[in-house]
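Asker: Coordinates in structure-v5.cif, mmCIF, C-alpha atoms, are listed below.
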```
data_start
loop_
_atom_site.label_atom_id
_atom_site.label_comp_id
_atom_site.auth_asym_id
_atom_site.auth_seq_id
_atom_site.Cartn_x
_atom_site.Cartn_y
_atom_site.Cartn_z
CA MET A 1370 0.00 0.00 0.00
CA THR A 1371 2.82 2.37 0.87
CA THR A 1372 4.54 1.62 -2.40
CA THR A 1373 1.35 2.35 -4.32
CA VAL A 1374 0.89 5.63 -2.54
CA ASN A 1375 4.50 6.61 -3.24
CA LEU A 1376 4.15 5.73 -6.92
CA THR A 1377 0.94 7.69 -7.15
CA SER A 1378 2.55 10.69 -5.45
CA SER A 1379 5.53 10.52 -7.80
CA THR A 1380 3.24 10.34 -10.82
CA VAL A 1381 1.26 13.34 -9.63
CA ALA A 1382 4.47 15.27 -8.94
CA ARG A 1383 5.85 14.51 -12.42
CA SER A 1384 2.54 15.48 -13.97
CA ALA A 1385 2.57 18.75 -12.04
CA ASP A 1386 6.16 19.43 -13.15
CA ARG A 1387 5.22 18.79 -16.78
CA SER A 1388 2.21 21.07 -16.42
CA GLU A 1389 4.34 23.80 -14.88
CA SER A 1390 6.98 23.41 -17.63
CA HIS A 1391 4.23 23.62 -20.22
CA ARG A 1392 2.97 26.86 -18.67
CA ARG A 1393 6.48 28.30 -18.66
CA ALA A 1394 7.25 27.23 -22.25
CA PRO A 1395 7.70 30.21 -24.55
CA VAL A 1396 4.87 30.80 -27.00
CA VAL A 1397 5.77 32.08 -30.46
CA PHE A 1398 4.51 35.69 -30.75
CA GLY A 1399 2.95 35.22 -27.31
CA HIS A 1400 3.14 38.96 -26.59
CA LEU A 1401 1.17 39.82 -29.73
CA GLY A 1402 -2.58 39.86 -29.94
CA ARG A 1403 -2.29 38.58 -33.52
CA PRO A 1404 0.68 37.75 -35.82
CA GLY A 1405 -0.06 40.68 -38.14
CA GLN A 1406 0.64 43.05 -35.27
CA MET A 1407 4.37 42.52 -35.81
CA LEU A 1408 4.23 44.82 -38.85
CA GLU A 1409 2.52 47.71 -37.09
CA HIS A 1410 5.63 49.08 -35.39
CA ILE A 1411 8.56 48.18 -37.66
CA THR A 1412 10.74 51.24 -37.16
CA PRO A 1413 13.91 52.25 -39.05
CA ASN A 1414 16.11 51.53 -36.02
CA TRP A 1415 15.56 47.82 -36.78
CA TYR A 1416 18.15 48.26 -39.53
CA ALA A 1417 20.77 48.72 -36.80
CA SER A 1418 20.61 44.94 -36.36
CA VAL A 1419 21.74 44.51 -39.97
CA MET A 1420 24.50 47.07 -39.47
CA GLY A 1421 25.68 45.38 -36.27
CA THR A 1422 25.65 41.91 -37.82
CA GLY A 1423 27.27 43.00 -41.07
CA ILE A 1424 30.14 44.78 -39.33
CA VAL A 1425 30.98 41.57 -37.44
CA ALA A 1426 31.56 39.89 -40.81
CA ASN A 1427 33.39 42.82 -42.43
CA ALA A 1428 35.71 43.34 -39.47
CA ALA A 1429 36.59 39.63 -39.42
CA ALA A 1430 37.43 39.67 -43.14
CA THR A 1431 40.21 42.23 -42.66
CA LEU A 1432 41.27 41.39 -39.10
CA PRO A 1433 45.10 41.28 -38.84
CA LEU A 1434 44.91 37.97 -36.98
CA GLN A 1435 43.50 35.35 -39.35
CA PHE A 1436 43.02 31.70 -38.35
CA THR A 1437 41.25 28.61 -39.64
CA GLY A 1438 37.51 29.00 -39.70
CA LEU A 1439 37.42 32.77 -39.37
CA HIS A 1440 36.67 33.37 -43.06
CA THR A 1441 33.91 30.77 -42.99
CA PHE A 1442 32.44 32.32 -39.85
CA ALA A 1443 32.55 35.77 -41.42
CA THR A 1444 30.85 34.50 -44.58
CA VAL A 1445 28.04 32.87 -42.61
CA VAL A 1446 27.47 36.04 -40.60
CA TRP A 1447 27.46 38.10 -43.82
CA LEU A 1448 24.80 35.78 -45.25
CA ILE A 1449 22.74 36.27 -42.08
CA ALA A 1450 23.05 40.04 -42.45
CA SER A 1451 22.12 39.85 -46.13
CA THR A 1452 19.04 37.74 -45.39
CA ALA A 1453 18.04 40.11 -42.58
CA LEU A 1454 18.41 43.10 -44.91
CA ILE A 1455 16.07 41.55 -47.48
CA ALA A 1456 13.51 40.37 -44.91
CA LEU A 1457 13.53 43.68 -43.07
CA THR A 1458 13.17 45.71 -46.25
CA VAL A 1459 10.13 43.64 -47.27
CA ALA A 1460 8.65 44.06 -43.77
CA PHE A 1461 9.38 47.80 -43.78
CA ALA A 1462 7.71 48.22 -47.17
CA ALA A 1463 4.69 46.28 -45.90
CA HIS A 1464 4.63 48.50 -42.81
CA TRP A 1465 4.45 51.63 -44.98
CA THR A 1466 1.75 50.04 -47.14
CA MET A 1467 -0.45 48.57 -44.41
CA HIS A 1468 0.17 50.95 -41.51
CA ARG A 1469 0.87 54.27 -43.19
CA GLY A 1470 -0.37 56.25 -40.18
CA HIS A 1471 2.18 54.68 -37.85
CA ALA A 1472 4.90 55.00 -40.49
CA ARG A 1473 4.24 58.71 -40.95
CA ALA A 1474 4.21 59.23 -37.19
CA HIS A 1475 7.61 57.53 -36.87
CA ALA A 1476 9.03 59.60 -39.75
CA ALA A 1477 7.82 62.81 -38.09
CA HIS A 1478 9.03 61.89 -34.60
CA PRO A 1479 12.01 64.08 -33.55
CA VAL A 1480 14.03 61.08 -32.34
CA MET A 1481 12.82 58.11 -34.39
CA SER A 1482 13.23 60.07 -37.64
CA GLN A 1483 16.98 60.25 -36.96
CA PHE A 1484 17.21 56.50 -37.45
CA TYR A 1485 16.32 56.80 -41.11
CA GLY A 1486 20.10 56.97 -41.45
CA ALA A 1487 20.22 53.27 -40.52
CA PRO A 1488 18.80 51.77 -43.75
CA PRO A 1489 21.51 53.37 -45.95
CA MET A 1490 24.25 52.17 -43.61
CA ALA A 1491 22.75 48.67 -43.57
CA MET A 1492 22.91 48.55 -47.38
CA LEU A 1493 26.48 49.86 -47.42
CA THR A 1494 27.61 47.37 -44.78
CA VAL A 1495 26.13 44.35 -46.57
CA GLY A 1496 27.56 45.64 -49.87
CA ALA A 1497 31.04 45.88 -48.37
CA GLY A 1498 30.68 42.29 -47.18
CA ALA A 1499 29.80 41.21 -50.71
CA ILE A 1500 33.06 42.52 -52.15
CA THR A 1501 35.26 41.21 -49.32
CA LEU A 1502 33.57 37.87 -48.60
CA GLY A 1503 31.33 37.21 -51.59
CA PRO A 1504 33.87 36.30 -54.32
CA SER A 1505 34.62 32.89 -52.83
CA LEU A 1506 30.90 32.14 -52.65
CA ILE A 1507 29.25 33.79 -55.66
CA GLY A 1508 32.20 34.80 -57.85
CA SER A 1509 34.00 38.11 -58.26
CA SER A 1510 31.73 39.58 -60.94
CA ALA A 1511 28.52 38.98 -58.98
CA ALA A 1512 30.11 40.22 -55.77
CA VAL A 1513 31.27 43.48 -57.37
CA TRP A 1514 27.88 43.95 -59.03
CA ILE A 1515 26.00 43.48 -55.74
CA ASP A 1516 28.33 45.87 -53.93
CA ALA A 1517 28.01 48.48 -56.68
CA VAL A 1518 24.21 48.35 -56.52
CA LEU A 1519 24.05 48.49 -52.72
CA TRP A 1520 26.75 51.17 -52.55
CA THR A 1521 24.89 53.36 -55.03
CA ALA A 1522 21.54 52.88 -53.29
CA GLY A 1523 23.05 53.37 -49.82
CA THR A 1524 25.00 56.45 -50.91
CA LEU A 1525 22.03 58.18 -52.54
CA THR A 1526 19.67 57.49 -49.63
CA GLY A 1527 22.42 58.39 -47.14
CA LEU A 1528 23.03 61.74 -48.80
CA ALA A 1529 19.27 62.33 -48.77
CA THR A 1530 18.99 61.69 -45.03
CA SER A 1531 22.04 63.82 -44.24
CA VAL A 1532 20.29 66.79 -45.88
CA TRP A 1533 16.59 66.11 -45.35
CA ILE A 1534 16.64 65.22 -41.62
CA PRO A 1535 18.60 68.37 -40.59
CA PHE A 1536 16.29 70.42 -42.82
CA ARG A 1537 13.25 68.97 -41.04
CA MET A 1538 14.85 69.76 -37.68
CA ILE A 1539 15.66 73.33 -38.69
CA THR A 1540 12.16 74.04 -40.01
CA ALA A 1541 10.34 72.33 -37.11
CA HIS A 1542 7.80 74.51 -35.35
CA ASP A 1543 8.75 73.48 -31.81
CA HIS A 1544 12.38 73.96 -30.76
CA ASP A 1545 11.74 74.56 -27.06
CA SER A 1546 12.43 70.96 -26.02
CA ALA A 1547 15.11 70.22 -28.60
CA MET A 1548 18.28 68.86 -27.00
CA ALA A 1549 21.26 67.35 -28.78
CA LEU A 1550 21.11 63.56 -28.62
CA PRO A 1551 23.60 60.93 -29.83
CA ALA A 1552 20.88 59.79 -32.26
CA TRP A 1553 21.40 63.06 -34.15
CA LEU A 1554 24.51 61.46 -35.65
CA MET A 1555 22.53 58.68 -37.35
CA PRO A 1556 21.53 60.63 -40.48
CA ILE A 1557 25.00 62.23 -40.70
CA VAL A 1558 27.24 59.15 -40.62
CA PRO A 1559 26.02 57.40 -43.85
CA PRO A 1560 28.19 59.52 -46.20
CA MET A 1561 31.22 58.57 -44.08
CA VAL A 1562 30.32 54.90 -44.50
CA SER A 1563 30.03 55.53 -48.25
CA ALA A 1564 33.51 57.04 -48.21
CA SER A 1565 35.10 54.04 -46.51
CA THR A 1566 33.21 51.38 -48.48
CA GLY A 1567 33.72 53.31 -51.72
CA ALA A 1568 37.44 52.78 -51.31
CA LEU A 1569 36.84 49.05 -51.80
CA LEU A 1570 35.33 49.73 -55.22
CA LEU A 1571 38.24 51.82 -56.53
CA ASP A 1572 40.19 48.84 -57.82
CA HIS A 1573 37.12 47.63 -59.72
CA VAL A 1574 36.48 50.91 -61.55
CA SER A 1575 38.12 51.75 -64.85
CA ALA A 1576 41.45 53.53 -64.45
CA GLY A 1577 41.53 57.21 -65.32
CA GLN A 1578 38.71 59.68 -64.88
CA SER A 1579 36.30 57.13 -63.41
CA ARG A 1580 38.62 56.34 -60.52
CA LEU A 1581 39.45 60.01 -60.04
CA ALA A 1582 35.76 60.88 -59.87
CA LEU A 1583 35.05 58.10 -57.37
CA ILE A 1584 37.90 58.95 -55.00
CA ALA A 1585 37.01 62.66 -55.21
CA ALA A 1586 33.40 61.82 -54.32
CA CYS A 1587 34.56 59.68 -51.40
CA TYR A 1588 36.70 62.46 -49.95
CA ALA A 1589 33.86 64.94 -50.47
CA MET A 1590 31.50 62.69 -48.52
CA PHE A 1591 34.18 62.24 -45.88
CA GLY A 1592 34.31 66.02 -45.45
CA LEU A 1593 30.53 66.42 -45.45
CA SER A 1594 30.08 63.85 -42.74
CA LEU A 1595 33.14 64.83 -40.71
CA PHE A 1596 32.48 68.55 -40.35
CA LEU A 1597 28.75 68.20 -39.76
CA GLY A 1598 29.44 65.28 -37.44
CA MET A 1599 32.01 67.12 -35.33
CA ILE A 1600 29.64 70.08 -34.94
CA THR A 1601 26.97 67.66 -33.75
CA MET A 1602 29.46 65.81 -31.50
CA THR A 1603 30.30 69.12 -29.82
CA MET A 1604 26.62 69.74 -29.17
CA ILE A 1605 26.16 66.22 -27.79
CA TYR A 1606 29.16 66.50 -25.47
CA SER A 1607 27.94 69.89 -24.24
CA ARG A 1608 24.48 68.46 -23.62
CA LEU A 1609 25.92 65.53 -21.65
CA VAL A 1610 28.11 67.76 -19.50
CA HIS A 1611 25.50 70.46 -18.86
CA GLY A 1612 22.29 68.45 -18.99
CA GLY A 1613 23.40 65.08 -17.69
CA MET A 1614 23.17 61.69 -19.36
CA PRO A 1615 20.04 60.70 -21.31
CA ALA A 1616 17.34 58.46 -19.90
CA VAL A 1617 18.56 55.07 -18.67
CA GLN A 1618 17.09 53.16 -21.62
CA ALA A 1619 18.70 55.61 -24.08
CA ALA A 1620 22.17 55.32 -22.51
CA PRO A 1621 23.45 52.80 -25.14
CA THR A 1622 23.03 55.45 -27.84
CA VAL A 1623 26.10 57.22 -26.44
CA TRP A 1624 28.10 54.56 -28.29
CA ILE A 1625 26.88 56.01 -31.60
CA THR A 1626 29.53 58.73 -31.22
CA LEU A 1627 32.19 56.06 -31.79
CA GLY A 1628 30.68 55.27 -35.17
CA MET A 1629 31.75 58.64 -36.56
CA ILE A 1630 35.22 58.28 -35.06
CA GLY A 1631 35.95 54.72 -36.15
CA GLN A 1632 34.41 55.08 -39.58
CA SER A 1633 36.37 58.26 -40.36
CA ILE A 1634 39.66 56.56 -39.43
CA THR A 1635 38.68 53.63 -41.64
CA ALA A 1636 37.81 55.94 -44.53
CA THR A 1637 40.99 58.04 -44.50
CA ASN A 1638 43.30 55.05 -44.31
CA LEU A 1639 41.49 52.88 -46.85
CA LEU A 1640 41.30 55.81 -49.27
CA GLY A 1641 44.94 56.67 -48.58
CA THR A 1642 46.01 53.11 -49.29
CA HIS A 1643 43.96 52.73 -52.48
CA ALA A 1644 44.99 56.19 -53.71
CA ALA A 1645 48.15 54.59 -55.10
CA THR A 1646 46.03 52.95 -57.80
CA VAL A 1647 44.42 56.28 -58.72
CA PHE A 1648 47.29 58.76 -58.66
CA VAL A 1649 50.18 57.34 -60.66
CA GLY A 1650 53.18 58.71 -62.51
CA LYS A 1651 53.68 62.41 -61.85
CA GLN A 1652 50.64 62.38 -59.55
CA ALA A 1653 52.08 59.69 -57.30
CA VAL A 1654 53.06 62.36 -54.81
CA ILE A 1655 49.34 63.00 -54.21
CA ALA A 1656 48.86 59.37 -53.24
CA THR A 1657 51.78 59.65 -50.81
CA GLY A 1658 50.25 62.77 -49.27
CA LEU A 1659 46.86 61.12 -48.84
CA HIS A 1660 48.52 58.08 -47.29
CA ILE A 1661 50.33 60.30 -44.76
CA PHE A 1662 47.13 62.25 -44.09
CA GLY A 1663 45.28 59.05 -43.25
CA ILE A 1664 47.92 57.98 -40.73
CA ALA A 1665 48.16 61.41 -39.06
CA TYR A 1666 44.38 61.74 -38.93
CA GLY A 1667 44.07 58.24 -37.50
CA PHE A 1668 46.48 58.96 -34.66
CA ALA A 1669 44.73 62.22 -33.74
CA MET A 1670 41.16 60.94 -34.00
CA GLY A 1671 42.16 57.68 -32.34
CA GLY A 1672 43.09 59.56 -29.18
CA PHE A 1673 39.65 61.14 -29.14
CA GLY A 1674 38.15 57.72 -29.76
CA ILE A 1675 39.85 56.27 -26.68
CA LEU A 1676 38.33 59.05 -24.57
CA MET A 1677 34.83 58.49 -25.95
CA PHE A 1678 35.15 54.70 -25.61
CA ALA A 1679 36.04 55.06 -21.93
CA LEU A 1680 33.25 57.60 -21.37
CA ALA A 1681 30.65 55.43 -23.13
CA THR A 1682 31.73 52.41 -21.07
CA MET A 1683 31.43 54.30 -17.79
CA LEU A 1684 28.01 55.74 -18.71
CA THR A 1685 26.78 52.26 -19.69
CA VAL A 1686 27.89 50.81 -16.34
CA HIS A 1687 26.22 53.78 -14.65
CA ALA A 1688 22.96 53.05 -16.49
CA ALA A 1689 23.20 49.29 -15.81
CA ARG A 1690 23.29 49.98 -12.09
CA ARG A 1691 20.06 51.92 -12.49
CA GLY A 1692 18.07 49.21 -14.18
CA LEU A 1693 19.05 49.27 -17.86
CA SER A 1694 16.98 46.59 -19.61
CA PHE A 1695 17.11 45.22 -23.14
CA SER A 1696 15.73 47.19 -26.06
CA LEU A 1697 16.73 47.67 -29.69
CA THR A 1698 18.99 50.54 -28.58
CA TRP A 1699 21.42 47.82 -27.46
CA TRP A 1700 22.44 47.42 -31.10
CA SER A 1701 24.34 50.68 -30.51
CA PHE A 1702 26.92 48.46 -28.77
CA THR A 1703 27.81 46.72 -32.04
CA PHE A 1704 28.27 48.80 -35.21
CA PRO A 1705 30.19 51.67 -33.56
CA VAL A 1706 32.60 49.22 -31.94
CA GLY A 1707 32.92 47.44 -35.28
CA THR A 1708 34.01 50.67 -36.97
CA CYS A 1709 36.69 51.00 -34.31
CA VAL A 1710 37.91 47.52 -35.26
CA THR A 1711 38.08 48.36 -38.97
CA GLY A 1712 39.63 51.73 -38.18
CA ALA A 1713 42.36 50.20 -36.01
CA THR A 1714 43.01 47.52 -38.64
CA ALA A 1715 43.32 50.07 -41.47
CA LEU A 1716 45.48 52.42 -39.41
CA GLY A 1717 47.74 49.64 -38.14
CA THR A 1718 48.23 48.36 -41.71
CA ALA A 1719 48.91 51.83 -43.13
CA ALA A 1720 51.36 52.75 -40.37
CA GLY A 1721 52.83 49.27 -39.93
CA ILE A 1722 52.31 49.34 -36.15
CA SER A 1723 51.61 45.95 -34.59
CA VAL A 1724 50.34 47.44 -31.31
CA ILE A 1725 47.43 49.03 -33.16
CA HIS A 1726 46.72 45.71 -34.83
CA ALA A 1727 46.64 44.13 -31.37
CA MET A 1728 44.09 46.77 -30.35
CA ALA A 1729 41.98 45.80 -33.36
CA VAL A 1730 41.97 42.15 -32.27
CA GLY A 1731 41.06 43.11 -28.70
CA LEU A 1732 38.24 45.34 -29.92
CA TYR A 1733 36.96 42.51 -32.12
CA VAL A 1734 36.63 40.29 -29.06
CA VAL A 1735 34.57 43.06 -27.44
CA LEU A 1736 32.49 43.34 -30.62
CA LEU A 1737 31.81 39.60 -30.75
CA THR A 1738 30.75 39.56 -27.10
CA ALA A 1739 28.41 42.52 -27.59
CA TRP A 1740 26.96 41.09 -30.82
CA ALA A 1741 26.33 37.64 -29.33
CA THR A 1742 24.59 39.19 -26.32
CA VAL A 1743 22.41 41.60 -28.26
CA ALA A 1744 21.58 39.11 -31.03
CA THR A 1745 20.48 36.52 -28.46
CA HIS A 1746 18.19 39.00 -26.72
CA THR A 1747 16.79 40.15 -30.05
CA LEU A 1748 16.10 36.58 -31.17
CA ARG A 1749 14.29 35.82 -27.92
CA GLY A 1750 12.26 39.02 -28.23
CA THR A 1751 11.44 38.19 -31.84
CA ILE A 1752 10.20 34.72 -30.97
CA SER A 1753 8.02 36.03 -28.15
CA GLY A 1754 6.95 39.04 -30.21
CA LYS A 1755 7.90 41.49 -27.49
CA VAL A 1756 10.33 43.50 -29.63
CA PHE A 1757 7.57 44.24 -32.14
CA LEU A 1758 5.60 46.22 -29.57
CA PRO A 1759 6.26 49.93 -28.93
CA ALA A 1760 8.48 50.52 -25.90
#
```
Let me see the file written as structure tokens.
Answerer:
Amino acid sequence: MTTTVNLTSSTVARSADRSESHRRAPVVFGHLGRPGQMLEHITPNWYASVMGTGIVANAAATLPLQFTGLHTFATVVWLIASTALIALTVAFAAHWTMHRGHARAHAAHPVMSQFYGAPPMAMLTVGAGAITLGPSLIGSSAAVWIDAVLWTAGTLTGLATSVWIPFRMITAHDHDSAMALPAWLMPIVPPMVSASTGALLLDHVSAGQSRLALIAACYAMFGLSLFLGMITMTMIYSRLVHGGMPAVQAAPTVWITLGMIGQSITATNLLGTHAATVFVGKQAVIATGLHIFGIAYGFAMGGFGILMFALATMLTVHAARRGLSFSLTWWSFTFPVGTCVTGATALGTAAGISVIHAMAVGLYVVLLTAWATVATHTLRGTISGKVFLPA
């Protein structure tokens, strides 16, 4: 009798455990009232996930420390970013078609509208991956063609955001509550990304006037983004010092400032290196000058980058102690750090300094850790449907 009672108790206990596990099991899109709700709030900052994933692949492709399996890993990650770009673009188009009211509200929002700089950078990042990682998978011709298309589309839309978003801000009716935010850099950085990724196309453009026109355009976009970006960076720094840090959940956006810094170092050194294929013969001295400019600029801006990296880290720890929870702003931990990796790699190669290459490897470890963490949280939120709801 005792044995029977014990067996019955054990059976009941196991049944209760299974029932409890069933109740705790995640339900796909459990946070959504209906599956179609996932398209109602697809905002442009979703493209930061493509940027953050793509830069993991691009940084690995040029990392000074190469080992077995790294190229394969980078290619797989690039394919993930490419797939995400296509899927997200389809979803974003459906959002504008089916939920035009929400889409217009996001485009008019003083903060969310800044993230319209993310789609151009997502295209440019995936395009750069095509030309560095794609040849072994799809052939050189297809890889160059894909990069050329994405670079052109990303450049044109990036130039549009760098002009249109500031224009909208200037002509806004209400300026009383306007405060400089790190997100203000989002529509400004795309031309800088075009400058750095455009350098990769130089060797695939016909020698002569075509290459001269492309490198001139890249340096022009570098200047556009740099000067407007540094003005904005000054305003952001002043706002942080005088007005305090942003809200806890917005603290990760401070890392966006590193995107301008790392990408500009990448651009000047990649352009300086590839300038040797553009300026030849009697013009070779120009290539030498641009090469030297890239190194000098990289040293100077790199010092500023170290300061901002330390400040962003401290502010993030400060926010974490005050209850920072996951949101899509966490993708700010990825792409900006990735640009620091590519910047350190390009500068270390141009200057021939192994210590800077070691910094690039160390930063890549930080990037991988951040990407794995944020991607995992995003995947969980996607499965549950929570990330599709407005914060």
Asker: For region 1567-1682 of chain A against region 1422-1434 of chain A, with a cut-off of 12 Å and counting all atoms listed in the file, what is the closest atom pair and its distance in Å to one decimal for every residue that makes the cut, ordered by chain and number, as JSON lines?
Answerer:
```
{"residue": "A:Leu1569", "atom": "CA", "partner": "A:Asn1427", "partner_atom": "CA", "distance": 11.8}
{"residue": "A:Gly1628", "atom": "CA", "partner": "A:Ile1424", "partner_atom": "CA", "distance": 11.3}
{"residue": "A:Gly1631", "atom": "CA", "partner": "A:Ala1428", "partner_atom": "CA", "distance": 11.9}
{"residue": "A:Gln1632", "atom": "CA", "partner": "A:Ile1424", "partner_atom": "CA", "distance": 11.2}
{"residue": "A:Thr1635", "atom": "CA", "partner": "A:Ala1428", "partner_atom": "CA", "distance": 10.9}
{"residue": "A:Leu1639", "atom": "CA", "partner": "A:Thr1431", "partner_atom": "CA", "distance": 11.5}
```
Asker: Give me a file of those residues, with C-alpha atoms, as a PDB file, in the coordinates of the input.
Answerer:
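Writing the result to result_19.pdb gives the following:
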```
ATOM      1  CA  LEU A1569      36.840  49.050 -51.800  1.00  0.00           C
ATOM      2  CA  GLY A1628      30.680  55.270 -35.170  1.00  0.00           C
ATOM      3  CA  GLY A1631      35.950  54.720 -36.150  1.00  0.00           C
ATOM      4  CA  GLN A1632      34.410  55.080 -39.580  1.00  0.00           C
ATOM      5  CA  THR A1635      38.680  53.630 -41.640  1.00  0.00           C
ATOM      6  CA  LEU A1639      41.490  52.880 -46.850  1.00  0.00           C
TER       7      LEU A1639
END
```
Asker: Here is a test: counting all atoms listed in the file, which residue of A:His1726, A:Leu1401, A:Thr1685, A:Trp1553 is nearest to Gly1754 (chain A)?
Answerer: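 With all atoms listed in the file as the atom set, the closest residue is A:Leu1401.
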Asker: Using the chain letters and numbers from the file, give me the residues hit by the PyMOL selection byres ((chain A and resi 1634) around 12), as an MDAnalysis selection string.
Answerer: chainID A and resid 1561:1562 1564:1565 1591 1595 1627:1633 1635:1641 1660 1662:1674 1708:1717 1719
Asker: Expanded to explicit residues, what is the PyMOL selection byres ((chain A and resi 1622-1626) around 10) for this file, as number ranges by chain?
Answerer: A: 1550-1555, 1558, 1598-1599, 1601-1602, 1605-1606, 1609, 1614-1615, 1618-1621, 1627-1631, 1674, 1677-1678, 1680-1682, 1684-1685, 1698-1706
Asker: Write the residues of the selection above to a file with C-alpha atoms, as a PDB file, in the coordinates of the input.
Answerer:
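Below is the file that was written, result04.pdb:
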```pdb
ATOM      1  CA  LEU A1550      21.110  63.560 -28.620  1.00  0.00           C
ATOM      2  CA  PRO A1551      23.600  60.930 -29.830  1.00  0.00           C
ATOM      3  CA  ALA A1552      20.880  59.790 -32.260  1.00  0.00           C
ATOM      4  CA  TRP A1553      21.400  63.060 -34.150  1.00  0.00           C
ATOM      5  CA  LEU A1554      24.510  61.460 -35.650  1.00  0.00           C
ATOM      6  CA  MET A1555      22.530  58.680 -37.350  1.00  0.00           C
ATOM      7  CA  VAL A1558      27.240  59.150 -40.620  1.00  0.00           C
ATOM      8  CA  GLY A1598      29.440  65.280 -37.440  1.00  0.00           C
ATOM      9  CA  MET A1599      32.010  67.120 -35.330  1.00  0.00           C
ATOM     10  CA  THR A1601      26.970  67.660 -33.750  1.00  0.00           C
ATOM     11  CA  MET A1602      29.460  65.810 -31.500  1.00  0.00           C
ATOM     12  CA  ILE A1605      26.160  66.220 -27.790  1.00  0.00           C
ATOM     13  CA  TYR A1606      29.160  66.500 -25.470  1.00  0.00           C
ATOM     14  CA  LEU A1609      25.920  65.530 -21.650  1.00  0.00           C
ATOM     15  CA  MET A1614      23.170  61.690 -19.360  1.00  0.00           C
ATOM     16  CA  PRO A1615      20.040  60.700 -21.310  1.00  0.00           C
ATOM     17  CA  GLN A1618      17.090  53.160 -21.620  1.00  0.00           C
ATOM     18  CA  ALA A1619      18.700  55.610 -24.080  1.00  0.00           C
ATOM     19  CA  ALA A1620      22.170  55.320 -22.510  1.00  0.00           C
ATOM     20  CA  PRO A1621      23.450  52.800 -25.140  1.00  0.00           C
ATOM     21  CA  LEU A1627      32.190  56.060 -31.790  1.00  0.00           C
ATOM     22  CA  GLY A1628      30.680  55.270 -35.170  1.00  0.00           C
ATOM     23  CA  MET A1629      31.750  58.640 -36.560  1.00  0.00           C
ATOM     24  CA  ILE A1630      35.220  58.280 -35.060  1.00  0.00           C
ATOM     25  CA  GLY A1631      35.950  54.720 -36.150  1.00  0.00           C
ATOM     26  CA  GLY A1674      38.150  57.720 -29.760  1.00  0.00           C
ATOM     27  CA  MET A1677      34.830  58.490 -25.950  1.00  0.00           C
ATOM     28  CA  PHE A1678      35.150  54.700 -25.610  1.00  0.00           C
ATOM     29  CA  LEU A1680      33.250  57.600 -21.370  1.00  0.00           C
ATOM     30  CA  ALA A1681      30.650  55.430 -23.130  1.00  0.00           C
ATOM     31  CA  THR A1682      31.730  52.410 -21.070  1.00  0.00           C
ATOM     32  CA  LEU A1684      28.010  55.740 -18.710  1.00  0.00           C
ATOM     33  CA  THR A1685      26.780  52.260 -19.690  1.00  0.00           C
ATOM     34  CA  THR A1698      18.990  50.540 -28.580  1.00  0.00           C
ATOM     35  CA  TRP A1699      21.420  47.820 -27.460  1.00  0.00           C
ATOM     36  CA  TRP A1700      22.440  47.420 -31.100  1.00  0.00           C
ATOM     37  CA  SER A1701      24.340  50.680 -30.510  1.00  0.00           C
ATOM     38  CA  PHE A1702      26.920  48.460 -28.770  1.00  0.00           C
ATOM     39  CA  THR A1703      27.810  46.720 -32.040  1.00  0.00           C
ATOM     40  CA  PHE A1704      28.270  48.800 -35.210  1.00  0.00           C
ATOM     41  CA  PRO A1705      30.190  51.670 -33.560  1.00  0.00           C
ATOM     42  CA  VAL A1706      32.600  49.220 -31.940  1.00  0.00           C
TER      43      VAL A1706
END
```
Asker: With distances taken over only C-alpha atoms, which of A:Pro1479, A:Pro1504, A:Gly1750, A:Pro1556 is nearest to Met1538 (chain A)?
Answerer: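 Smallest separation from Met1538 (chain A) among the options: A:Pro1479.
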Asker: Can you tell me, as a ChimeraX atom specification, which residues sit within 7 Å of (36.2, 58.8, -54.6) in the file's frame, using all atoms listed in the file?
Answerer: /A:1567-1568,1580-1588
Asker: Do you know which residues the PyMOL selection byres ((chain A and resi 1407-1421) around 8) returns on this file, as a PyMOL selection string?
Answerer: chain A and resi 1401+1404-1406+1422-1425+1450-1451+1453-1454+1457+1460-1461+1463-1464+1467-1468+1471-1472+1475+1481-1482+1484-1485+1487-1488+1490-1491+1494-1495+1697+1700-1701+1703-1704+1707+1740+1744+1754+1757-1759
Asker: Record the distance separating CA of Val1513 (chain A) and CA of Trp1447 (chain A), expressed in Å with one decimal.
Answerer: 15.1 Å
Asker: So, counting only C-alpha atoms, which residue among A:Ser1594, A:Thr1742, A:Thr1452, A:Ser1607 is closest to Phe1695 (chain A)?
Answerer: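 Of the candidates, the smallest distance to Phe1695 (chain A) is held by A:Thr1742.
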Asker: Grab the CA of Gln1578 (chain A) to CA of Ala1653 (chain A) distance for me, in Å with one decimal place.
Answerer: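 Result for CA of Gln1578 (chain A) versus CA of Ala1653 (chain A): 15.4 Å, one decimal.
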